[in-house]
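A short write-up of the structure that comes next.
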Amino acid sequence: MSTRLVLTVIGDDRPGLVGELSTAISAHQGNWLESSMAQLAGKFAGIVEVSVDAAQADALRNALGQLAGLKVTVESAAARKSALKGRRLKLALVGHDRIGIVREVSQVLAHHAVNVESLDTHTSSAPMSAAVLFHAVAELTAAPDLDVGALTGELERISNDLMVDITLDETIRA
């Protein structure tokens, strides 16, 4: 019988970290299912879902705890839900960087019971000036009866307050 585990990983970035992690997983007959990883401010951070035979799970946990220079937290994965139901949305935002942008947008999304499935952000230099721009892209899921007009209206209101451009598009669920 196999079990699913979710690993969170953080450590000082250096070549070979993913290789060491994947070697430990493979050595315990674990199957790497999904992951999201990034290098941020000199740190390597990631989250990985693996499937492993229940008899190997404790040994894998112990092996992951022995990886030099990596802090690995292991948790049992929640039971898989059947295909997500509801609406899929994509939000894109760009504007001058300032404190509170993510807070303001996430509060609006929560008010409309919209779930953030993924969020990618970064900053860049604005063309023709030294200003710093903040960029965000989010994949969202909402109930089928979401009032998109009300959500869009509230996002437009805060986009004016924050001086950012926000676009919200519905995507097709694959």
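Just so we're on the same page: first chain in the structure tokens is A, next is B, and so on; residues restart at 1 for each chain, and ligands are numbered from 1 in the order they show up.
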Residue list (strand (DSSP E or B), DSSP) for range 84-115 of chain A, as an MDAnalysis selection string: chainID A and resid 87:96 115
Spatial neighbours of Leu162 in chain A, max dist 9 Å, only C-alpha atoms, sep filter under 3 positions, as number ranges by chain: A: 95-96, 98, 100-101, 104, 157-159, 165
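Checking A:Leu133, A:Asp147, A:Glu117, A:Ser26 one by one against Ile99 in chain A, counting only C-alpha atoms, you find the shortest gap at A:Leu133.
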Against range 6-24 of chain A, which residues of range 66-153 of chain A fall within 6 Å? For each one I want the closest pair of atoms and the distance in Å (one decimal), counting only C-alpha atoms, rows by chain and increasing residue number, as a Markdown table.
```
| residue | atom | partner | partner_atom | distance |
| --- | --- | --- | --- | --- |
| A:Gly69 | CA | A:Gly11 | CA | 5.8 |
| A:Leu70 | CA | A:Gly11 | CA | 4.6 |
| A:Lys71 | CA | A:Ile10 | CA | 5.4 |
| A:Val72 | CA | A:Val9 | CA | 4.6 |
| A:Thr73 | CA | A:Thr8 | CA | 5.1 |
| A:Val74 | CA | A:Leu7 | CA | 4.7 |
| A:Glu75 | CA | A:Val6 | CA | 5.3 |
| A:Ala77 | CA | A:Val6 | CA | 5.5 |
```
Helix (DSSP H, G or I) residues, from DSSP on the backbone, in range 12-121 of chain A, as a PyMOL selection string: chain A and resi 17-27+54-65+101-111
Length of the CA of Ala68 in chain A to CA of Ala38 in chain A vector [Å]: 18.6 Å
Shell of 10 Å around Leu5 in chain A, only C-alpha atoms, local chain residues under 3 positions omitted, as a PyMOL selection string: chain A and resi 2+8+30+32-33+48-52+57+61+73-78
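Minimum distance to Glu156 in chain A across A:Ala79, A:Ala131, A:Ala110, A:Leu168 (counting only C-alpha atoms) occurs at A:Leu168.
The two atoms in question, CA of Gly65 in chain A and CA of His28 in chain A, are spaced 13.5 Å apart.
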Please provide the set of residues having any atom within 9 Å of Asp169 in chain A, restricted to only C-alpha atoms, with same-chain residues fewer than 6 positions apart removed, written as a short mmCIF file (atom, residue, chain, number, x, y, z; two decimals) with N, CA and C atoms, in the first residue's frame.
```cif
data_model
loop_
_atom_site.label_atom_id
_atom_site.label_comp_id
_atom_site.auth_asym_id
_atom_site.auth_seq_id
_atom_site.Cartn_x
_atom_site.Cartn_y
_atom_site.Cartn_z
N ARG A 88 -12.24 28.26 -12.78
CA ARG A 88 -10.80 28.55 -12.73
C ARG A 88 -10.60 29.96 -13.27
N LEU A 89 -9.84 30.73 -12.52
CA LEU A 89 -9.56 32.10 -12.90
C LEU A 89 -8.06 32.34 -12.87
N LYS A 90 -7.63 33.32 -13.65
CA LYS A 90 -6.23 33.73 -13.64
C LYS A 90 -6.20 35.22 -13.39
N LEU A 91 -5.43 35.63 -12.41
CA LEU A 91 -5.28 37.04 -12.07
C LEU A 91 -3.86 37.46 -12.39
N ALA A 92 -3.71 38.58 -13.06
CA ALA A 92 -2.39 39.15 -13.33
C ALA A 92 -2.39 40.58 -12.81
#
```
